[in-house]
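Coordinates as given in work.txt (compact mmCIF, C-alpha atoms and all ligand atoms):
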# COMPACT_ATOMS: atom_id res chain seq x y z
CA MET A 1 116.53 116.76 107.54
CA ALA A 2 114.67 117.48 110.76
CA LEU A 3 116.77 115.22 112.96
CA SER A 4 119.36 112.56 112.52
CA GLY A 5 121.34 110.37 114.85
CA VAL A 6 122.87 107.00 115.39
CA HIS A 7 121.15 104.82 117.96
CA LYS A 8 123.63 102.74 119.96
CA ASP A 9 122.40 99.48 118.49
CA ARG A 10 119.44 100.23 116.21
CA GLY A 11 121.32 101.87 113.37
CA GLU A 12 121.13 105.32 111.88
CA LEU A 13 117.89 107.30 112.23
CA ARG A 14 116.92 109.94 109.67
CA ILE A 15 113.76 111.83 110.59
CA HIS A 16 112.23 114.10 107.97
CA GLU A 17 109.94 117.14 108.09
CA SER A 18 107.96 116.01 105.05
CA LEU A 19 107.47 113.05 102.73
CA ASP A 20 109.00 115.12 99.96
CA GLU A 21 112.20 115.56 101.97
CA LEU A 22 112.19 111.88 102.93
CA GLY A 23 111.80 110.90 99.27
CA THR A 24 114.77 113.02 98.23
CA ASP A 25 116.99 111.65 100.98
CA LEU A 26 115.95 108.09 100.12
CA ALA A 27 116.67 108.62 96.41
CA ASP A 28 120.11 110.12 97.25
CA TYR A 29 120.90 107.20 99.56
CA ILE A 30 119.93 104.55 96.98
CA ALA A 31 121.78 106.37 94.16
CA GLU A 32 124.95 106.59 96.30
CA LEU A 33 124.84 102.91 97.25
CA SER A 34 124.27 102.00 93.61
CA GLU A 35 127.31 104.03 92.55
CA THR A 36 129.54 102.49 95.23
CA SER A 37 128.39 98.97 94.48
CA VAL A 38 128.82 99.35 90.71
CA LYS A 39 132.34 100.74 91.30
CA GLU A 40 133.29 97.91 93.65
CA ARG A 41 131.45 94.93 92.14
CA GLY A 42 130.25 96.01 88.71
CA VAL A 43 126.60 95.41 89.66
CA PHE A 44 123.98 96.51 92.21
CA ALA A 45 121.78 93.78 93.71
CA ILE A 46 118.78 95.42 95.37
CA ALA A 47 115.78 93.76 96.99
CA LEU A 48 112.50 95.68 97.15
CA SER A 49 109.44 95.33 99.34
CA GLY A 50 105.87 96.36 98.57
CA GLY A 51 103.48 98.74 100.26
CA SER A 52 104.12 102.45 100.73
CA LEU A 53 107.85 102.06 100.06
CA ILE A 54 107.51 102.14 96.27
CA GLY A 55 105.67 105.47 96.28
CA LEU A 56 108.36 106.91 98.54
CA MET A 57 111.02 105.82 96.00
CA GLY A 58 109.30 107.82 93.26
CA LYS A 59 112.01 110.49 93.00
CA LEU A 60 114.36 107.91 91.50
CA CYS A 61 112.30 108.12 88.31
CA GLU A 62 112.94 111.87 88.05
CA ALA A 63 115.94 114.07 87.24
CA PRO A 64 118.75 113.82 88.07
CA TYR A 65 118.53 110.17 89.17
CA ASN A 66 116.77 108.86 86.04
CA LYS A 67 119.85 109.94 84.03
CA THR A 68 122.69 109.58 86.55
CA VAL A 69 121.97 106.14 88.03
CA ASP A 70 123.60 103.24 86.16
CA TRP A 71 120.31 101.36 85.74
CA ALA A 72 121.84 98.76 83.41
CA LYS A 73 123.85 97.42 86.35
CA TRP A 74 120.83 96.96 88.64
CA TYR A 75 119.57 93.47 89.50
CA ILE A 76 116.15 93.58 91.15
CA PHE A 77 114.75 91.13 93.70
CA TRP A 78 111.85 91.11 96.14
CA ALA A 79 112.21 90.71 99.91
CA ASP A 80 108.61 89.55 99.89
CA GLU A 81 105.78 88.89 97.52
CA ARG A 82 102.12 88.02 97.81
CA ALA A 83 101.03 84.76 96.12
CA VAL A 84 98.80 86.43 93.53
CA ALA A 85 99.05 86.93 89.77
CA LYS A 86 101.60 89.50 88.63
CA ASN A 87 98.82 91.71 87.27
CA HIS A 88 96.82 91.59 90.53
CA ALA A 89 96.43 94.80 92.53
CA ASP A 90 98.05 93.08 95.55
CA SER A 91 101.20 92.05 93.67
CA ASN A 92 104.40 93.68 94.96
CA TYR A 93 105.90 93.09 91.51
CA LYS A 94 103.07 95.03 89.83
CA LEU A 95 103.46 97.86 92.33
CA ALA A 96 107.19 98.16 91.57
CA LYS A 97 106.71 97.73 87.84
CA ASP A 98 104.06 100.45 87.61
CA GLY A 99 105.75 102.82 90.06
CA LEU A 100 109.44 102.39 89.20
CA LEU A 101 110.64 99.64 86.86
CA SER A 102 108.62 100.76 83.83
CA LYS A 103 109.94 104.32 84.22
CA VAL A 104 113.68 103.70 84.22
CA PRO A 105 115.92 101.73 81.81
CA ILE A 106 116.37 98.55 83.82
CA VAL A 107 117.35 95.47 81.79
CA PRO A 108 114.26 93.18 81.78
CA SER A 109 116.38 90.04 82.31
CA HIS A 110 117.79 91.59 85.50
CA VAL A 111 114.34 91.72 87.10
CA HIS A 112 113.97 88.59 89.22
CA SER A 113 110.33 88.44 90.17
CA ILE A 114 108.72 85.55 91.99
CA ASN A 115 106.85 82.90 89.97
CA ASP A 116 103.11 83.51 90.22
CA SER A 117 102.00 80.32 88.49
CA VAL A 118 102.97 77.76 91.16
CA SER A 119 102.14 77.30 94.85
CA ALA A 120 103.70 79.63 97.43
CA GLU A 121 105.89 76.75 98.64
CA GLU A 122 107.16 76.00 95.14
CA ALA A 123 107.64 79.68 94.37
CA ALA A 124 109.77 80.12 97.52
CA ASP A 125 111.93 77.08 96.64
CA GLU A 126 112.32 78.26 93.06
CA TYR A 127 113.24 81.79 94.13
CA GLU A 128 115.88 80.49 96.52
CA PHE A 129 117.29 78.38 93.65
CA VAL A 130 117.47 81.46 91.40
CA ILE A 131 119.27 83.40 94.13
CA ARG A 132 121.71 80.49 94.67
CA GLN A 133 122.65 80.55 90.96
CA LEU A 134 123.25 84.30 91.12
CA VAL A 135 125.35 83.92 94.27
CA LYS A 136 127.51 81.37 92.40
CA THR A 137 128.24 83.93 89.69
CA ARG A 138 128.58 86.68 92.34
CA THR A 139 125.86 88.80 90.78
CA ILE A 140 124.77 88.67 94.40
CA SER A 141 127.64 88.73 96.84
CA VAL A 142 127.99 86.17 99.63
CA SER A 143 128.29 86.71 103.36
CA ASP A 144 131.72 85.90 104.76
CA ILE A 145 130.25 84.70 108.06
CA SER A 146 127.36 82.56 106.86
CA ASP A 147 126.49 80.99 103.53
CA CYS A 148 123.77 83.61 103.03
CA PRO A 149 123.48 85.93 100.06
CA LYS A 150 124.71 89.44 100.76
CA PHE A 151 122.46 91.85 98.89
CA ASP A 152 123.93 95.29 98.32
CA LEU A 153 120.69 96.79 99.62
CA ILE A 154 117.46 95.41 101.04
CA LEU A 155 114.64 97.97 101.26
CA LEU A 156 111.93 97.23 103.81
CA GLY A 157 108.71 98.91 104.79
CA MET A 158 107.08 98.26 108.15
CA GLY A 159 103.41 97.65 108.92
CA PRO A 160 101.63 99.20 111.95
CA ASP A 161 102.02 95.79 113.66
CA GLY A 162 105.82 95.92 113.19
CA HIS A 163 106.00 93.38 110.37
CA VAL A 164 108.73 93.68 107.75
CA ALA A 165 108.75 91.83 104.42
CA SER A 166 106.18 89.06 105.22
CA LEU A 167 107.66 88.35 108.65
CA PHE A 168 104.76 88.91 111.05
CA PRO A 169 104.80 89.26 114.86
CA ASN A 170 104.69 85.99 116.82
CA HIS A 171 104.74 83.93 113.62
CA PRO A 172 106.90 80.77 113.40
CA VAL A 173 108.37 82.20 110.16
CA LEU A 174 110.54 84.39 112.39
CA GLU A 175 112.44 81.26 113.42
CA ALA A 176 113.18 80.13 109.84
CA ASN A 177 116.95 79.75 109.76
CA ASP A 178 117.62 77.00 107.25
CA GLU A 179 116.02 78.59 104.21
CA TRP A 180 116.85 81.83 102.42
CA VAL A 181 113.33 82.20 101.09
CA THR A 182 110.25 80.74 102.73
CA TYR A 183 106.46 81.00 102.53
CA ILE A 184 103.45 81.46 104.76
CA THR A 185 99.80 80.59 104.16
CA ASP A 186 98.26 82.41 107.14
CA SER A 187 99.33 86.04 106.86
CA PRO A 188 97.29 88.17 109.30
CA LYS A 189 97.28 90.85 106.61
CA PRO A 190 95.63 89.76 103.34
CA PRO A 191 96.42 88.12 101.06
CA PRO A 192 97.19 85.08 103.27
CA GLU A 193 99.77 83.34 101.06
CA ARG A 194 103.12 85.03 100.78
CA ILE A 195 106.79 84.41 99.99
CA THR A 196 109.45 86.11 102.09
CA PHE A 197 113.17 86.42 102.70
CA THR A 198 114.08 84.98 106.07
CA LEU A 199 115.73 87.04 108.82
CA PRO A 200 119.20 85.51 108.22
CA VAL A 201 119.10 86.78 104.63
CA ILE A 202 117.91 90.25 105.64
CA ASN A 203 120.56 90.43 108.34
CA SER A 204 123.34 89.38 105.95
CA ALA A 205 122.81 92.33 103.59
CA SER A 206 125.47 95.00 103.20
CA ASN A 207 122.79 97.65 103.71
CA VAL A 208 119.24 97.51 105.01
CA ALA A 209 116.91 100.51 104.97
CA VAL A 210 113.56 100.54 106.78
CA VAL A 211 111.28 103.22 105.37
CA VAL A 212 108.30 104.19 107.53
CA ALA A 213 105.82 107.06 107.31
CA GLY A 214 102.67 108.03 109.15
CA GLU A 215 101.42 108.39 112.71
CA GLY A 216 99.70 105.00 112.56
CA LYS A 217 103.15 103.40 112.73
CA ALA A 218 104.55 105.54 115.57
CA GLU A 219 103.98 102.95 118.29
CA ALA A 220 105.63 100.20 116.23
CA VAL A 221 108.58 102.52 115.51
CA HIS A 222 108.94 103.14 119.25
CA LEU A 223 108.82 99.40 120.01
CA ALA A 224 111.26 98.61 117.20
CA ILE A 225 113.87 101.22 118.13
CA ASP A 226 113.66 102.41 121.74
CA ASP A 227 114.91 100.44 124.71
CA VAL A 228 111.59 98.91 125.74
CA GLY A 229 112.74 95.97 127.84
CA THR A 230 112.31 92.28 127.16
CA ASP A 231 108.85 91.53 128.59
CA CYS A 232 107.25 91.13 125.16
CA PRO A 233 108.74 89.27 122.19
CA PRO A 234 110.55 91.73 119.91
CA LEU A 235 108.71 93.02 116.87
CA PRO A 236 109.99 91.64 113.56
CA ALA A 237 111.29 95.13 112.73
CA ARG A 238 113.40 95.01 115.88
CA MET A 239 114.88 91.70 114.74
CA VAL A 240 116.36 93.46 111.71
CA GLN A 241 119.94 93.70 112.90
CA PRO A 242 122.46 93.38 110.07
CA THR A 243 125.41 91.37 111.37
CA LYS A 244 128.05 93.36 109.52
CA GLY A 245 125.96 95.62 107.32
CA LYS A 246 124.54 99.06 107.91
CA LEU A 247 120.95 99.72 109.02
CA VAL A 248 119.27 103.06 108.26
CA TRP A 249 115.74 104.11 109.29
CA PHE A 250 114.00 106.66 107.06
CA LEU A 251 111.12 108.16 109.06
CA ASP A 252 108.80 111.09 108.74
CA LYS A 253 108.01 113.14 111.86
CA PRO A 254 104.60 111.49 112.55
CA ALA A 255 106.17 108.01 112.40
CA ALA A 256 108.94 109.17 114.75
CA SER A 257 106.57 110.98 117.13
CA LYS A 258 106.74 108.35 119.91
CA LEU A 259 110.51 107.90 119.83
CA GLU A 260 112.49 108.85 122.89
CA GLY A 261 114.35 111.90 121.64
CA SER A 262 117.66 111.67 123.44
CA GLN A 263 119.47 109.79 120.70
CA PHE A 264 119.23 112.53 118.07
CA SER A 265 121.11 115.59 117.02
CA GLU A 266 119.73 118.35 114.76
O1 LIG A 301 102.20 93.53 103.22
C1 LIG A 301 103.19 94.22 103.17
O2 LIG A 301 103.32 95.25 104.05
C2 LIG A 301 104.57 95.88 104.31
C3 LIG A 301 104.27 97.27 104.84
O3 LIG A 301 103.45 97.93 103.92
P1 LIG A 301 103.01 99.46 104.11
O4 LIG A 301 102.03 99.74 102.99
O5 LIG A 301 102.39 99.57 105.47
O6 LIG A 301 104.25 100.29 103.98
C4 LIG A 301 105.46 95.87 103.08
O7 LIG A 301 106.74 96.37 103.39
C5 LIG A 301 105.55 94.46 102.54
O8 LIG A 301 106.42 94.37 101.45
C6 LIG A 301 104.17 94.07 102.08
O9 LIG A 301 104.11 92.79 101.48

Here is the file; what I need is its structure written in the form of structure tokens.
Ligand SMILES: O=C1O[C@H](COP(=O)(O)O)[C@@H](O)[C@H](O)[C@H]1O
Amino acid sequence: MALSGVHKDRGELRIHESLDELGTDLADYIAELSETSVKERGVFAIALSGGSLIGLMGKLCEAPYNKTVDWAKWYIFWADERAVAKNHADSNYKLAKDGLLSKVPIVPSHVHSINDSVSAEEAADEYEFVIRQLVKTRTISVSDISDCPKFDLILLGMGPDGHVASLFPNHPVLEANDEWVTYITDSPKPPPERITFTLPVINSASNVAVVVAGEGKAEAVHLAIDDVGTDCPPLPARMVQPTKGKLVWFLDKPAASKLEGSQFSE
């Protein structure tokens, strides 16, 4: 690892020399959390995002992880989804299925994708209902300080505008507090209709990882992590602040290039 450190209130930062190194560290991190969670709870409830994240998780499909991870205990969810058919190129489900889920022995009934045959509003309601049932049976744990689900791990990417999941800058969806899963119909990034976990759900997770690569995201990384004052509303990525859980940033050097360096150690 090129650099690592713990920012005083923005979590752990892991900055990598190359995407290959980042991918290995990310696979190790996920495999370790899976092992701990399976030991403690018998299952691993993980929520994925779309975008570049899935490609960066690719090492999980290779040795040793493909044989050592207890895939049968994984329960898969999505932190956000686009309201398109599951076989559409924009579908986060399709991305994960093609890039990960079809390559490892995950139990098909443990894959909780979002319904693509109803409206975004209905799909969000239905997904929240599914999650509520799985919280009742403790397949998904529950937060001890709110009634929110406590996923073992939520994996997020971040767009160049600082969005995470489908929580976009200056969008009213950032205020959604009553729902676990909500929807938008005016995403600034196509496609416009999307379903997303709300911030309270993200911030109730036991572990949240934000995985970001590329120079085009360096400014957003700086605004999400460094002490930049309060003149502008915080980016959605900056609002990711797990209440009791652990936040880890996986960055490559270009993405980290605008960070103030004082918080790191080699
Ligand atoms: O639209 C989305 O974008 C973000 C970031 O994607 P990336 O390709 O820039 O990494 C992604 O995390 C989210 O799940 C997706 O719906």

Mind giving me the straight-line distance from atom CA of Lys59 of chain A to atom CA of Glu40 of chain A in Å, one decimal?
->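 Separation of atom CA of Lys59 of chain A and atom CA of Glu40 of chain A: 24.7 Å.
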
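Counting all atoms listed in the file, the residue from A:Ala89, A:Pro105, A:Ser49, A:Leu156 that sits nearest to Trp71 of chain A is A:Pro105.
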
May I have the residues within 9 Å of Val142 of chain A as a VMD selection string, using only C-alpha atoms and disregarding those fewer than 5 positions away in the same chain?
-> chain A and resid 135 to 136 147 to 151 204 to 205

Store the residues of this selection in a file with C-alpha atoms, as a compact mmCIF listing (two decimals), keeping the file's coordinate frame.
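Contents of the output file selection00.txt:
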# COMPACT_ATOMS: atom_id res chain seq x y z
CA VAL A 135 125.35 83.92 94.27
CA LYS A 136 127.51 81.37 92.40
CA ASP A 147 126.49 80.99 103.53
CA CYS A 148 123.77 83.61 103.03
CA PRO A 149 123.48 85.93 100.06
CA LYS A 150 124.71 89.44 100.76
CA PHE A 151 122.46 91.85 98.89
CA SER A 204 123.34 89.38 105.95
CA ALA A 205 122.81 92.33 103.59

Suppose you want the space between atom CA of Gly229 of chain A and atom CA of Asp161 of chain A; what is it in Å?
-> 17.8 Å

Compute the set of protein, DNA and RNA residues whose minimum atom distance to ligand LIG 301 (chain A) is at most 9 Å, using all atoms listed in the file, and state it as an MDAnalysis selection string.
-> chainID A and resid 48:54 78:82 90:92 155:160 162:167 187 189:191 194:196 210:213 217

Expressed in Å to a single decimal, how great is the separation between atom CA of Val104 of chain A and atom CA of Leu134 of chain A?
->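 It comes out at 22.7 Å.
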
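When all atoms listed in the file are used to compute distances to Ile154 of chain A, the closest of the residues A:Phe44, A:Tyr127, A:Phe168, A:Tyr65 turns out to be A:Phe44.
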
Close residues, segment 7-24 of chain A itself excluded, 7 Å, only C-alpha atoms, min 4 positions apart in chain, as a list in words =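 That gives Met1, Ala2, Leu3, Asp28, Leu56, Met57, Lys59, Ile225, Lys246, Leu247, Val248, Trp249, Phe250, Leu251, Asp252, Lys253, Ala256 and Gln263 of chain A.
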
Near-Val181 of chain A list (6 Å; all atoms listed in the file; drop same-chain fewer than 5 positions) as JSON, numbers by chain = {"A": [124, 128, 196, 197, 198]}

Could you write out the selected residues, including C-alpha atoms, as a JSON list (two decimals), in the coordinates of the input?
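As written to disk, result_39.json reads:
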[["chain", "number", "residue", "atom", "x", "y", "z"],
["A", 124, "ALA", "CA", 109.77, 80.12, 97.52],
["A", 128, "GLU", "CA", 115.88, 80.49, 96.52],
["A", 196, "THR", "CA", 109.45, 86.11, 102.09],
["A", 197, "PHE", "CA", 113.17, 86.42, 102.70],
["A", 198, "THR", "CA", 114.08, 84.98, 106.07]]

Smallest atom-to-atom distance to Pro200 of chain A: which of A:Ala220, A:Asn170, A:Ser146, A:Trp74, using only C-alpha atoms?
-> A:Ser146

Determine the nearest neighbour of Glu62 of chain A from the options A:Ala120, A:Ala27, A:Ile131, A:Ala237, counting only C-alpha atoms.
->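 Using only C-alpha atoms, the shortest distance to Glu62 of chain A belongs to A:Ala27.
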
Selected residue of minimal separation from Pro169 of chain A among A:Glu126, A:Pro233, A:Thr185, A:Val228, counting all atoms listed in the file =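 Result for the nearest residue to Pro169 of chain A: A:Pro233.
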
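Minimum distance to Asp70 of chain A across A:Asp227, A:Glu179, A:Glu193, A:Glu32 (counting all atoms listed in the file) occurs at A:Glu32.
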
Distance query 9 Å from (128.7, 92.3, 92.1) using only C-alpha atoms, result as a compact mmCIF listing (two decimals) with C-alpha atoms, keeping the file's coordinate frame:
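Contents of out.txt, as written:
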# COMPACT_ATOMS: atom_id res chain seq x y z
CA SER A 37 128.39 98.97 94.48
CA VAL A 38 128.82 99.35 90.71
CA GLU A 40 133.29 97.91 93.65
CA ARG A 41 131.45 94.93 92.14
CA GLY A 42 130.25 96.01 88.71
CA VAL A 43 126.60 95.41 89.66
CA PHE A 44 123.98 96.51 92.21
CA ALA A 45 121.78 93.78 93.71
CA THR A 137 128.24 83.93 89.69
CA ARG A 138 128.58 86.68 92.34
CA THR A 139 125.86 88.80 90.78
CA ILE A 140 124.77 88.67 94.40
CA SER A 141 127.64 88.73 96.84
CA ASP A 152 123.93 95.29 98.32

Hey, could you patch up segment 151-171 of chain A with N, CA, C and O atoms and hand it over as a short mmCIF file (atom, residue, chain, number, x, y, z; two decimals), keeping the file's coordinate frame?
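See selection-v1.cif below for the written result:
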data_model
loop_
_atom_site.label_atom_id
_atom_site.label_comp_id
_atom_site.auth_asym_id
_atom_site.auth_seq_id
_atom_site.Cartn_x
_atom_site.Cartn_y
_atom_site.Cartn_z
N PHE A 151 122.98 90.85 99.83
CA PHE A 151 122.46 91.85 98.89
C PHE A 151 123.14 93.19 99.17
O PHE A 151 123.47 93.50 100.32
N ASP A 152 123.33 93.96 98.11
CA ASP A 152 123.93 95.29 98.32
C ASP A 152 122.98 96.18 99.12
O ASP A 152 123.43 96.98 99.94
N LEU A 153 121.70 96.01 98.88
CA LEU A 153 120.69 96.79 99.62
C LEU A 153 119.39 96.02 99.68
O LEU A 153 118.91 95.51 98.65
N ILE A 154 118.83 95.92 100.89
CA ILE A 154 117.46 95.41 101.04
C ILE A 154 116.62 96.56 101.59
O ILE A 154 116.94 97.15 102.62
N LEU A 155 115.55 96.89 100.85
CA LEU A 155 114.64 97.97 101.26
C LEU A 155 113.40 97.35 101.88
O LEU A 155 112.73 96.52 101.26
N LEU A 156 113.09 97.76 103.10
CA LEU A 156 111.93 97.23 103.81
C LEU A 156 110.98 98.36 104.15
O LEU A 156 111.42 99.48 104.45
N GLY A 157 109.68 98.04 104.15
CA GLY A 157 108.71 98.91 104.79
C GLY A 157 108.41 98.29 106.15
O GLY A 157 109.00 97.29 106.53
N MET A 158 107.51 98.88 106.89
CA MET A 158 107.08 98.26 108.15
C MET A 158 105.59 98.52 108.33
O MET A 158 105.12 99.66 108.17
N GLY A 159 104.84 97.48 108.66
CA GLY A 159 103.41 97.65 108.92
C GLY A 159 103.18 98.22 110.32
O GLY A 159 104.09 98.21 111.16
N PRO A 160 101.95 98.67 110.61
CA PRO A 160 101.63 99.20 111.95
C PRO A 160 101.81 98.15 113.05
O PRO A 160 101.96 98.49 114.22
N ASP A 161 101.81 96.87 112.67
CA ASP A 161 102.02 95.79 113.66
C ASP A 161 103.51 95.45 113.81
O ASP A 161 103.87 94.55 114.56
N GLY A 162 104.37 96.16 113.09
CA GLY A 162 105.82 95.92 113.19
C GLY A 162 106.33 94.86 112.24
O GLY A 162 107.50 94.46 112.32
N HIS A 163 105.48 94.39 111.31
CA HIS A 163 106.00 93.38 110.37
C HIS A 163 106.90 94.03 109.32
O HIS A 163 106.71 95.20 108.96
N VAL A 164 107.87 93.27 108.88
CA VAL A 164 108.73 93.68 107.75
C VAL A 164 108.74 92.52 106.76
O VAL A 164 108.63 91.36 107.17
N ALA A 165 108.93 92.84 105.47
CA ALA A 165 108.75 91.83 104.42
C ALA A 165 107.43 91.10 104.73
O ALA A 165 106.43 91.75 105.03
N SER A 166 107.40 89.75 104.74
CA SER A 166 106.18 89.06 105.22
C SER A 166 106.52 88.28 106.48
O SER A 166 106.09 87.14 106.68
N LEU A 167 107.29 88.91 107.34
CA LEU A 167 107.66 88.35 108.65
C LEU A 167 106.77 89.05 109.69
O LEU A 167 106.99 90.23 110.00
N PHE A 168 105.77 88.32 110.18
CA PHE A 168 104.76 88.91 111.05
C PHE A 168 105.03 88.59 112.52
O PHE A 168 105.64 87.56 112.83
N PRO A 169 104.56 89.47 113.43
CA PRO A 169 104.80 89.26 114.86
C PRO A 169 104.28 87.90 115.33
O PRO A 169 103.21 87.46 114.89
N ASN A 170 105.06 87.27 116.18
CA ASN A 170 104.69 85.99 116.82
C ASN A 170 104.45 84.86 115.82
O ASN A 170 103.76 83.90 116.13
N HIS A 171 104.95 84.98 114.63
CA HIS A 171 104.74 83.93 113.62
C HIS A 171 105.96 83.02 113.58
O HIS A 171 107.10 83.52 113.66
#
